[in-house]
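So this block is upload31.cif, mmCIF, C-alpha atoms:
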data_data
loop_
_atom_site.label_atom_id
_atom_site.label_comp_id
_atom_site.auth_asym_id
_atom_site.auth_seq_id
_atom_site.Cartn_x
_atom_site.Cartn_y
_atom_site.Cartn_z
CA MET Y 1 0.00 0.00 0.00
CA ASN Y 2 2.83 2.42 0.85
CA ARG Y 3 4.24 2.34 -2.69
CA GLN Y 4 0.85 3.33 -4.13
CA LEU Y 5 0.77 6.69 -2.35
CA PRO Y 6 1.66 9.71 -4.52
CA GLU Y 7 5.31 10.73 -4.24
CA ASP Y 8 4.34 14.39 -3.77
CA PHE Y 9 2.13 13.39 -0.85
CA LEU Y 10 4.86 11.28 0.77
CA LEU Y 11 7.31 14.17 0.59
CA LEU Y 12 4.76 16.63 1.94
CA ALA Y 13 3.63 14.28 4.73
CA ARG Y 14 7.17 13.51 5.88
CA THR Y 15 8.00 17.22 5.95
CA THR Y 16 4.80 17.99 7.85
CA MET Y 17 4.86 15.14 10.38
CA GLY Y 18 8.59 14.70 10.94
CA ASP Y 19 10.44 11.41 10.53
CA GLU Y 20 9.20 9.64 13.68
CA ARG Y 21 5.49 10.41 13.22
CA PHE Y 22 5.71 9.76 9.50
CA ALA Y 23 7.24 6.32 10.07
CA ARG Y 24 4.47 5.34 12.48
CA PHE Y 25 1.87 6.69 10.04
CA MET Y 26 3.27 4.53 7.24
CA GLU Y 27 3.28 1.45 9.48
CA ALA Y 28 -0.46 1.97 10.04
CA PHE Y 29 -1.13 1.09 6.39
CA ASP Y 30 -0.16 -2.49 7.20
CA GLU Y 31 -2.65 -2.59 10.07
CA GLU Y 32 -6.38 -3.18 9.85
CA ALA Y 33 -8.38 0.04 10.04
CA PRO Y 34 -10.49 0.10 13.23
CA ALA Y 35 -14.26 -0.26 12.96
CA SER Y 36 -16.29 1.96 15.25
CA ILE Y 37 -19.89 2.96 15.88
CA ARG Y 38 -21.66 5.63 17.90
CA LEU Y 39 -24.87 4.73 19.71
CA ASN Y 40 -28.00 6.86 19.54
CA PRO Y 41 -28.82 7.93 23.13
CA LEU Y 42 -32.44 8.46 22.13
CA LYS Y 43 -32.85 4.82 21.09
CA ALA Y 44 -29.94 2.82 22.51
CA GLN Y 45 -29.11 4.45 25.82
CA ALA Y 46 -29.13 1.07 27.59
CA MET Y 47 -26.98 -0.73 25.01
CA GLN Y 48 -23.32 -1.16 24.18
CA ALA Y 49 -21.37 -2.68 21.31
CA GLU Y 50 -21.02 -6.46 21.25
CA GLY Y 51 -17.45 -7.07 22.39
CA GLY Y 52 -16.68 -3.39 21.93
CA VAL Y 53 -14.35 -0.99 23.74
CA ARG Y 54 -15.38 2.62 24.35
CA VAL Y 55 -13.86 5.40 22.29
CA PRO Y 56 -12.16 7.49 25.02
CA TRP Y 57 -13.32 10.91 23.75
CA CYS Y 58 -16.95 9.87 23.09
CA TYR Y 59 -19.06 8.04 25.67
CA GLU Y 60 -21.49 6.75 23.00
CA GLY Y 61 -18.63 5.56 20.75
CA PHE Y 62 -17.35 1.98 20.59
CA TYR Y 63 -14.55 0.23 18.75
CA LEU Y 64 -15.69 -3.15 17.40
CA PRO Y 65 -13.50 -6.27 17.47
CA SER Y 66 -14.09 -6.69 13.72
CA ARG Y 67 -16.06 -5.01 10.94
CA PRO Y 68 -19.47 -6.70 10.52
CA ASN Y 69 -21.75 -6.47 7.50
CA PHE Y 70 -23.66 -3.43 8.78
CA THR Y 71 -26.09 -3.47 5.85
CA PHE Y 72 -27.87 -6.50 7.26
CA ASP Y 73 -28.36 -5.21 10.79
CA PRO Y 74 -31.93 -3.86 11.09
CA LEU Y 75 -30.92 -1.78 14.12
CA LEU Y 76 -28.62 0.30 11.92
CA HIS Y 77 -31.59 1.10 9.66
CA ALA Y 78 -33.67 1.86 12.75
CA GLY Y 79 -31.18 4.56 13.73
CA CYS Y 80 -29.97 2.85 16.90
CA TYR Y 81 -26.36 3.56 15.97
CA TYR Y 82 -24.25 5.26 13.32
CA VAL Y 83 -21.10 3.83 11.73
CA GLN Y 84 -18.46 6.53 12.13
CA GLU Y 85 -14.70 6.94 12.30
CA ALA Y 86 -13.60 7.39 15.91
CA ALA Y 87 -11.79 10.65 15.15
CA SER Y 88 -14.99 12.23 13.84
CA MET Y 89 -16.65 11.51 17.19
CA PHE Y 90 -14.31 14.11 18.73
CA ILE Y 91 -16.93 16.72 17.80
CA SER Y 92 -19.08 15.34 20.65
CA HIS Y 93 -16.29 16.04 23.14
CA VAL Y 94 -15.69 19.56 21.81
CA VAL Y 95 -19.36 20.53 21.85
CA ARG Y 96 -20.00 19.20 25.35
CA LEU Y 97 -17.06 21.22 26.68
CA LEU Y 98 -17.62 24.47 24.79
CA ILE Y 99 -21.42 24.74 24.43
CA PRO Y 100 -23.02 24.73 27.91
CA HIS Y 101 -26.31 26.44 26.96
CA PRO Y 102 -28.95 25.88 24.24
CA VAL Y 103 -27.88 27.31 20.87
CA ALA Y 104 -28.95 27.63 17.28
CA MET Y 105 -26.24 25.78 15.37
CA LEU Y 106 -25.44 25.25 11.69
CA ASP Y 107 -23.60 22.23 10.28
CA LEU Y 108 -22.68 23.82 6.98
CA CYS Y 109 -21.31 20.84 4.97
CA ALA Y 110 -23.14 18.04 6.69
CA ALA Y 111 -23.46 15.00 4.38
CA PRO Y 112 -23.55 12.11 4.98
CA GLY Y 113 -24.64 13.12 8.47
CA GLY Y 114 -22.14 11.64 10.92
CA LYS Y 115 -21.22 14.86 12.65
CA SER Y 116 -24.82 16.17 12.53
CA THR Y 117 -26.11 13.08 14.33
CA ALA Y 118 -23.30 13.50 16.86
CA LEU Y 119 -24.26 17.15 17.34
CA LEU Y 120 -27.91 16.27 17.89
CA ALA Y 121 -26.91 13.94 20.70
CA ALA Y 122 -24.34 16.30 22.24
CA LEU Y 123 -25.99 19.74 22.08
CA PRO Y 124 -27.77 20.99 25.22
CA GLU Y 125 -31.50 20.36 25.38
CA GLY Y 126 -33.43 23.18 23.74
CA SER Y 127 -30.88 23.69 20.95
CA HIS Y 128 -31.82 23.74 17.26
CA LEU Y 129 -29.55 22.31 14.57
CA VAL Y 130 -29.68 23.19 10.88
CA SER Y 131 -27.89 20.52 8.82
CA ASN Y 132 -26.99 21.72 5.34
CA GLU Y 133 -25.59 20.01 2.27
CA PRO Y 134 -25.10 21.93 -1.01
CA VAL Y 135 -24.91 18.85 -3.30
CA ARG Y 136 -28.41 17.54 -4.00
CA GLN Y 137 -27.49 13.85 -4.25
CA ARG Y 138 -25.52 13.98 -1.01
CA PHE Y 139 -28.38 15.90 0.59
CA GLN Y 140 -30.69 12.91 0.00
CA VAL Y 141 -28.29 10.68 1.94
CA LEU Y 142 -28.08 13.28 4.72
CA SER Y 143 -31.88 13.49 4.94
CA GLU Y 144 -32.20 9.71 5.23
CA ASN Y 145 -29.63 9.43 8.00
CA LEU Y 146 -31.14 12.30 9.97
CA ALA Y 147 -34.67 10.97 9.61
CA LYS Y 148 -33.55 7.60 10.94
CA TRP Y 149 -31.64 9.23 13.82
CA GLY Y 150 -34.96 10.68 14.93
CA TYR Y 151 -34.09 13.75 17.02
CA PRO Y 152 -36.43 16.74 17.34
CA ASN Y 153 -35.45 20.42 16.96
CA HIS Y 154 -33.72 19.91 13.68
CA THR Y 155 -33.92 21.19 10.09
CA ALA Y 156 -32.22 19.87 6.94
CA THR Y 157 -31.43 22.24 4.06
CA ASN Y 158 -29.94 22.03 0.57
CA ARG Y 159 -28.17 25.37 0.08
CA TYR Y 160 -24.81 26.92 -0.70
CA PRO Y 161 -22.93 28.65 2.14
CA ARG Y 162 -23.30 32.00 0.40
CA ASP Y 163 -27.10 31.63 0.53
CA PHE Y 164 -27.08 31.77 4.33
CA ARG Y 165 -24.89 34.87 4.21
CA ARG Y 166 -27.11 36.56 1.61
CA ASP Y 167 -30.25 35.92 3.67
CA GLY Y 168 -28.73 37.26 6.87
CA ALA Y 169 -28.92 33.97 8.77
CA MET Y 170 -27.28 34.18 12.20
CA PHE Y 171 -26.20 31.30 14.43
CA ASP Y 172 -24.63 30.86 17.85
CA ALA Y 173 -22.34 28.09 16.61
CA ILE Y 174 -21.28 26.78 13.19
CA LEU Y 175 -19.46 23.62 12.20
CA CYS Y 176 -17.38 23.93 9.02
CA ASP Y 177 -16.36 20.36 8.23
CA VAL Y 178 -15.05 21.55 4.92
CA PRO Y 179 -14.35 19.66 1.67
CA CYS Y 180 -10.66 18.76 1.68
CA SER Y 181 -7.97 16.74 -0.09
CA GLY Y 182 -8.82 13.69 2.01
CA GLU Y 183 -5.35 12.58 3.09
CA GLY Y 184 -6.74 11.29 6.36
CA MET Y 185 -8.83 8.68 4.49
CA PHE Y 186 -5.98 7.17 2.47
CA ARG Y 187 -5.78 3.99 4.57
CA LYS Y 188 -9.39 2.99 3.90
CA ASP Y 189 -10.38 4.81 0.72
CA PRO Y 190 -8.41 4.08 -2.50
CA GLN Y 191 -10.45 6.71 -4.34
CA ALA Y 192 -9.12 9.41 -2.01
CA VAL Y 193 -5.59 8.35 -3.00
CA SER Y 194 -6.36 8.44 -6.72
CA GLU Y 195 -7.91 11.92 -6.49
CA TRP Y 196 -5.06 13.54 -4.55
CA SER Y 197 -2.73 16.06 -6.14
CA LEU Y 198 -0.88 19.21 -5.13
CA GLN Y 199 -3.25 21.10 -7.43
CA ASN Y 200 -6.23 19.73 -5.49
CA VAL Y 201 -4.64 20.78 -2.18
CA GLU Y 202 -4.30 24.29 -3.61
CA ARG Y 203 -7.90 24.29 -4.79
CA CYS Y 204 -9.14 23.00 -1.43
CA TRP Y 205 -7.51 25.56 0.84
CA ARG Y 206 -8.87 28.39 -1.29
CA LEU Y 207 -12.38 26.90 -1.29
CA GLN Y 208 -12.16 26.36 2.47
CA ARG Y 209 -11.49 30.05 3.04
CA GLU Y 210 -14.49 30.97 0.92
CA ILE Y 211 -16.71 28.68 2.97
CA VAL Y 212 -15.35 29.99 6.28
CA SER Y 213 -15.85 33.59 5.12
CA ASP Y 214 -19.53 32.91 4.42
CA ALA Y 215 -19.90 31.07 7.73
CA TRP Y 216 -18.17 33.82 9.70
CA ALA Y 217 -20.67 36.38 8.40
CA CYS Y 218 -23.45 34.17 9.79
CA LEU Y 219 -21.88 33.73 13.23
CA LYS Y 220 -23.06 35.93 16.09
CA PRO Y 221 -20.55 38.01 18.04
CA GLY Y 222 -19.05 35.73 20.67
CA GLY Y 223 -20.16 32.72 18.64
CA LEU Y 224 -18.27 29.46 18.18
CA LEU Y 225 -16.88 28.20 14.87
CA ILE Y 226 -15.54 24.65 14.71
CA TYR Y 227 -13.26 24.06 11.72
CA SER Y 228 -12.37 20.53 10.66
CA THR Y 229 -10.85 18.58 7.78
CA CYS Y 230 -9.89 14.95 7.20
CA THR Y 231 -6.45 15.84 5.86
CA PHE Y 232 -2.94 16.36 7.24
CA ASN Y 233 -1.21 19.16 5.33
CA THR Y 234 -0.78 22.51 7.03
CA LEU Y 235 -2.07 24.50 4.02
CA GLU Y 236 -5.61 23.28 4.65
CA ASN Y 237 -5.20 23.23 8.44
CA GLU Y 238 -2.84 25.46 10.44
CA GLN Y 239 -2.40 28.02 7.70
CA ASN Y 240 -6.15 28.39 7.33
CA VAL Y 241 -6.47 28.79 11.11
CA ARG Y 242 -3.73 31.44 11.03
CA TRP Y 243 -5.65 33.22 8.25
CA MET Y 244 -8.79 33.16 10.45
CA GLN Y 245 -6.80 34.69 13.30
CA GLN Y 246 -5.21 37.41 11.20
CA GLU Y 247 -8.05 38.30 8.82
CA LEU Y 248 -11.15 37.54 10.91
CA GLY Y 249 -9.88 38.10 14.44
CA ALA Y 250 -10.76 34.54 15.44
CA GLU Y 251 -9.55 33.31 18.82
CA PRO Y 252 -8.61 29.59 18.92
CA LEU Y 253 -9.90 27.84 22.03
CA THR Y 254 -8.31 25.11 24.13
CA VAL Y 255 -10.10 21.79 24.50
CA ASP Y 256 -9.09 19.46 27.33
CA ILE Y 257 -7.72 16.13 26.14
CA GLN Y 258 -5.87 13.21 27.71
CA ALA Y 259 -2.29 12.39 26.75
CA ASP Y 260 -3.06 8.71 26.23
CA TRP Y 261 -5.60 9.55 23.50
CA GLY Y 262 -2.68 10.05 21.11
CA ILE Y 263 -4.01 13.32 19.67
CA THR Y 264 -1.29 15.46 18.08
CA GLY Y 265 -1.14 19.25 18.18
CA SER Y 266 0.22 21.58 15.54
CA LEU Y 267 2.71 20.28 12.98
CA LEU Y 268 3.63 23.75 11.71
CA GLU Y 269 6.80 25.26 13.13
CA GLY Y 270 6.16 28.49 15.04
CA PHE Y 271 2.39 27.91 15.24
CA ASP Y 272 1.16 27.91 18.83
CA ALA Y 273 -2.66 27.96 18.54
CA PRO Y 274 -4.42 24.91 20.06
CA VAL Y 275 -5.37 22.49 17.29
CA TYR Y 276 -6.14 18.78 17.40
CA ARG Y 277 -4.88 16.31 14.81
CA PHE Y 278 -5.57 12.58 14.60
CA ILE Y 279 -2.97 10.53 12.72
CA PRO Y 280 -3.44 6.79 12.03
CA GLY Y 281 -0.80 4.90 13.95
CA LEU Y 282 -0.74 7.53 16.70
CA THR Y 283 -4.47 7.59 17.35
CA ARG Y 284 -6.84 4.66 16.92
CA SER Y 285 -8.72 6.24 14.04
CA GLU Y 286 -8.44 7.62 10.56
CA GLY Y 287 -7.12 11.15 10.03
CA LEU Y 288 -8.79 14.35 11.26
CA PHE Y 289 -7.90 17.96 12.07
CA MET Y 290 -10.07 20.19 14.26
CA CYS Y 291 -9.88 23.65 15.78
CA ALA Y 292 -12.49 25.59 17.76
CA LEU Y 293 -12.50 29.39 17.36
CA ARG Y 294 -14.41 32.21 19.05
CA LYS Y 295 -15.69 35.25 17.16
CA PRO Y 296 -14.88 38.58 18.83
CA GLY Y 297 -17.71 40.30 20.68
CA ASP Y 298 -20.12 39.64 23.51
CA ALA Y 299 -22.30 36.59 23.21
CA THR Y 300 -25.98 37.29 23.81
CA LYS Y 301 -28.74 35.06 25.06
CA ASP Y 302 -30.93 35.85 22.06
CA ARG Y 303 -31.73 32.81 19.99
CA CYS Y 304 -31.01 32.72 16.29
CA ALA Y 305 -33.22 35.31 14.61
CA HIS Y 306 -33.40 33.37 11.37
CA ASP Y 307 -36.62 31.43 10.83
CA THR Y 308 -35.25 27.97 10.11
CA ALA Y 309 -38.70 26.56 9.40
CA LEU Y 310 -39.24 29.19 6.69
CA LEU Y 311 -35.77 28.48 5.31
CA CYS Y 312 -36.64 24.79 5.21
CA ARG Y 313 -39.87 25.31 3.29
CA ARG Y 314 -38.26 27.76 0.87
CA HIS Y 315 -35.70 25.21 -0.24
CA ASN Y 316 -37.94 22.16 -0.26
CA ALA Y 317 -35.95 20.42 2.46
CA PRO Y 318 -37.68 17.95 4.79
CA SER Y 319 -37.50 18.73 8.49
CA THR Y 320 -37.73 16.26 11.32
CA THR Y 321 -39.47 18.93 13.36
CA SER Y 322 -42.56 18.86 11.15
CA LYS Y 323 -45.81 17.34 12.33
CA GLY Y 324 -46.48 13.81 11.21
CA HIS Y 325 -48.94 13.50 8.38
CA PHE Y 326 -50.07 11.03 5.75
CA LYS Y 327 -49.41 11.69 2.11
CA ASN Y 328 -49.04 9.96 -1.22
CA ALA Y 329 -49.07 12.02 -4.37
CA LYS Y 330 -49.82 9.03 -6.62
CA ALA Y 331 -52.61 7.38 -4.67
CA GLU Y 332 -55.64 8.25 -2.62
CA VAL Y 333 -54.60 6.05 0.30
CA PRO Y 334 -52.55 7.80 2.98
CA GLN Y 335 -48.88 7.02 3.51
CA PRO Y 336 -47.23 7.81 6.86
CA GLN Y 337 -44.36 10.25 6.87
CA GLU Y 338 -41.15 8.41 7.77
CA ALA Y 339 -39.77 11.22 9.90
CA LEU Y 340 -42.75 10.90 12.24
CA LEU Y 341 -41.92 7.27 12.94
CA ALA Y 342 -38.20 7.94 13.29
CA SER Y 343 -38.92 10.54 15.96
CA GLY Y 344 -40.68 7.92 18.06
CA PRO Y 345 -44.37 8.87 18.22
CA LYS Y 346 -46.43 7.26 20.92
CA GLY Y 347 -49.64 5.65 19.78
CA ALA Y 348 -49.62 7.09 16.25
CA VAL Y 349 -50.03 3.62 14.71
CA ALA Y 350 -49.87 0.07 16.02
CA ILE Y 351 -46.33 -1.35 16.25
CA VAL Y 352 -45.81 -4.92 15.02
CA ASP Y 353 -42.52 -6.60 15.89
CA VAL Y 354 -41.14 -9.05 13.31
CA ASP Y 355 -38.41 -11.69 13.21
CA TYR Y 356 -35.05 -11.18 11.51
CA PRO Y 357 -35.85 -12.66 8.05
CA THR Y 358 -39.04 -10.58 7.87
CA ALA Y 359 -37.14 -7.45 8.91
CA ILE Y 360 -34.60 -7.97 6.10
CA ALA Y 361 -37.39 -8.60 3.60
CA PHE Y 362 -39.09 -5.40 4.75
CA LEU Y 363 -35.85 -3.42 4.37
CA ARG Y 364 -35.58 -4.79 0.83
CA ARG Y 365 -39.05 -3.35 0.26
CA GLU Y 366 -40.57 -6.76 -0.41
CA ALA Y 367 -44.13 -7.69 0.49
CA ILE Y 368 -44.23 -9.33 3.92
CA THR Y 369 -46.71 -11.35 5.95
CA LEU Y 370 -47.40 -10.32 9.54
CA SER Y 371 -48.69 -12.47 12.37
CA PRO Y 372 -52.42 -13.40 12.23
CA ASP Y 373 -53.17 -11.24 15.27
CA ALA Y 374 -51.56 -8.11 13.77
CA PRO Y 375 -54.09 -5.29 13.33
CA ARG Y 376 -55.30 -4.44 9.82
CA GLY Y 377 -54.46 -1.15 8.20
CA TYR Y 378 -51.36 0.97 8.73
CA VAL Y 379 -48.80 -0.43 11.15
CA ALA Y 380 -45.22 0.33 12.11
CA VAL Y 381 -42.94 -2.63 11.46
CA SER Y 382 -40.27 -3.02 14.15
CA PHE Y 383 -37.37 -5.28 15.02
CA LEU Y 384 -36.47 -5.94 18.66
CA GLY Y 385 -38.84 -3.11 19.53
CA HIS Y 386 -37.22 -0.51 17.27
CA PRO Y 387 -39.44 0.78 14.41
CA LEU Y 388 -38.12 0.41 10.87
CA GLY Y 389 -40.96 1.88 8.78
CA PHE Y 390 -44.58 1.47 7.78
CA ALA Y 391 -46.68 -1.16 6.06
CA LYS Y 392 -50.37 -1.53 5.28
CA ASN Y 393 -51.56 -4.88 6.61
CA ILE Y 394 -54.35 -6.34 4.47
CA GLY Y 395 -54.30 -9.82 6.03
CA GLN Y 396 -52.81 -12.20 3.46
CA ARG Y 397 -49.88 -9.84 3.11
CA ALA Y 398 -48.69 -6.42 4.16
CA ASN Y 399 -47.95 -3.80 1.51
CA ASN Y 400 -44.49 -2.40 2.10
CA LEU Y 401 -44.30 1.41 2.47
CA TYR Y 402 -40.58 1.61 3.16
CA PRO Y 403 -39.08 4.43 1.02
CA LYS Y 404 -37.71 3.12 -2.28
CA GLU Y 405 -34.52 5.15 -2.01
CA TRP Y 406 -33.75 3.60 1.40
CA ALA Y 407 -34.18 -0.03 0.36
CA ILE Y 408 -31.37 -2.59 0.64
CA ARG Y 409 -30.29 -3.44 -2.91
CA SER Y 410 -28.25 -6.56 -2.17
CA THR Y 411 -29.84 -9.96 -2.76
CA TYR Y 412 -27.54 -11.67 -0.24
CA ILE Y 413 -29.44 -13.57 2.44
CA PRO Y 414 -27.71 -13.75 5.85
CA ASP Y 415 -27.82 -17.10 7.62
CA ALA Y 416 -28.69 -15.59 10.98
CA TYR Y 417 -28.75 -12.32 12.87
CA SER Y 418 -25.39 -11.20 14.25
CA PRO Y 419 -26.06 -8.35 16.69
CA VAL Y 420 -23.75 -5.35 16.67
CA ILE Y 421 -25.18 -3.86 19.87
CA ILE Y 422 -26.51 -5.60 22.97
CA SER Y 423 -28.66 -4.57 25.92
CA VAL Y 424 -26.80 -3.80 29.14
CA ASP Y 425 -27.48 -1.98 32.39
CA LYS Y 426 -27.59 1.79 31.94
CA ASP Y 427 -24.75 2.30 34.42
CA VAL Y 428 -22.27 0.17 32.43
#

Kindly return the structure encoded in the file as structure tokens.
Amino acid sequence: MNRQLPEDFLLLARTTMGDERFARFMEAFDEEAPASIRLNPLKAQAMQAEGGVRVPWCYEGFYLPSRPNFTFDPLLHAGCYYVQEAASMFISHVVRLLIPHPVAMLDLCAAPGGKSTALLAALPEGSHLVSNEPVRQRFQVLSENLAKWGYPNHTATNRYPRDFRRDGAMFDAILCDVPCSGEGMFRKDPQAVSEWSLQNVERCWRLQREIVSDAWACLKPGGLLIYSTCTFNTLENEQNVRWMQQELGAEPLTVDIQADWGITGSLLEGFDAPVYRFIPGLTRSEGLFMCALRKPGDATKDRCAHDTALLCRRHNAPSTTSKGHFKNAKAEVPQPQEALLASGPKGAVAIVDVDYPTAIAFLRREAITLSPDAPRGYVAVSFLGHPLGFAKNIGQRANNLYPKEWAIRSTYIPDAYSPVIISVDKDV
């Protein structure tokens, strides 16, 4: 694997990391990439990973002993957990330390939704999160993951960063997990390797500054901006942070960490601002860079003045805060809104628990047969008590209402259910 990395990258990485760190980084390519998940406190607060070890900077995060076939675990589709690199879970630690009060927050480049779902679990109660993704296809994936996660007080939008600035949107906190050259994903993503070039690094750091400029205009005085990439070079990391300090007046903030976590600070000589870098081989994760910065001025207790519900409607973006309703543009029969189920309504429809083969058939959007005592009409199909979606039970069969775009495409049939998470006492 080492010989396949671009020569320009190897030279840049060695110069950036230094010989000792670079050598350990290269050794990591011969090691298996860790598999990790983050549990959903709303749905799996009394569960832990089967055979897993906690990620030290995220209470809900677990390393798994091996990488299972997540596609065929119904609890993943039910939103009980999210498959996420351990380094990306660091956002939970940062938010819990730096955001003590309810806020209006924007995740500006949110797809596929890993950090947004982490924010929803970590933000203080009463907060509102706007998750945005400019690319329409990626926005659909973001919407699916957020709907399944099922948290209230949330809006999903499909806009460009400049649109928020133009409309005068203002937020207490903004996450800029910006598009980057992807060096931190080289161990697990061959496409990231093939797409890397010095020209792309140059393009990325310029684009990142444009995005941050738009975000900064939408940040309240005293507000918090969290900047992150999944790359190593200092052009996209420290030098962009230095630009924020010099041009925007941003103040980098210190985040408490433990020495045994293996998180590295700045790799740029003469740079003393607190930044946090995850390097495979030094930390048990893929690569990540993060820095938290405060905007000058006095923070106020006023909530975000921007009407996120109006913004949501204007850009035809579904919101998990909306009231549940029944709709089907092509038929007269009602169809339940998936976001209503994902948010855990009580008593909206009857819940019918099914066995594992039936759950997989349902997730493939096949017709299923429910138990003879299942009520007729609209029901919520669940597995181990966790709702998956809706069906209309007509007796001989149940018509599957699971969204087409969410359906499992694979025709593989698992022999048996292999649980990824297990029930435990809440205090464990």

Check your understanding: Could you name the residues that touch region 395-411 of chain Y at 8 Å or less, counting only C-alpha atoms, but leaving out those on the same chain fewer than 5 positions away, as number ranges by chain?
Key -> Y: 71, 144, 335, 362-370, 372, 376, 389-390

Could you please take those selected residues and save C-alpha atoms as a compact mmCIF listing (two decimals), in the frame of the given file?
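Writing done, so here's again.txt:
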# COMPACT_ATOMS: atom_id res chain seq x y z
CA THR Y 71 -26.09 -3.47 5.85
CA GLU Y 144 -32.20 9.71 5.23
CA GLN Y 335 -48.88 7.02 3.51
CA PHE Y 362 -39.09 -5.40 4.75
CA LEU Y 363 -35.85 -3.42 4.37
CA ARG Y 364 -35.58 -4.79 0.83
CA ARG Y 365 -39.05 -3.35 0.26
CA GLU Y 366 -40.57 -6.76 -0.41
CA ALA Y 367 -44.13 -7.69 0.49
CA ILE Y 368 -44.23 -9.33 3.92
CA THR Y 369 -46.71 -11.35 5.95
CA LEU Y 370 -47.40 -10.32 9.54
CA PRO Y 372 -52.42 -13.40 12.23
CA ARG Y 376 -55.30 -4.44 9.82
CA GLY Y 389 -40.96 1.88 8.78
CA PHE Y 390 -44.58 1.47 7.78

Practice item. Given the file shown, determine the residues that the PyMOL selection byres ((chain Y and resi 188-203) around 10) selects; report them as a count of residues only. Key: 30

Check your understanding: Counting only C-alpha atoms, what is within 10 Å of Phe164 (chain Y), bar same-chain residues fewer than 4 positions away, as a PyMOL selection string?
Key -> chain Y and resi 106+108+159-160+168-170+214-215+217-218+306+311

Review point. Written as a list in words, which residues does the PyMOL selection byres ((chain Y and resi 130) around 6) give for the file shown?
Key: Leu106, Leu129, Ser131, His154, Thr155 and Ala156 of chain Y

Revision key, fill the gap. With distances taken over only C-alpha atoms, the candidate from Y:Leu146, Y:Leu98, Y:Ile263, Y:Ile257 nearest Leu224 (chain Y) is Y:Leu98

Practice item. Take CA of Ser418 (chain Y) and CA of Tyr82 (chain Y) and report the distance between them in Å, one decimal. Key: 16.5 Å
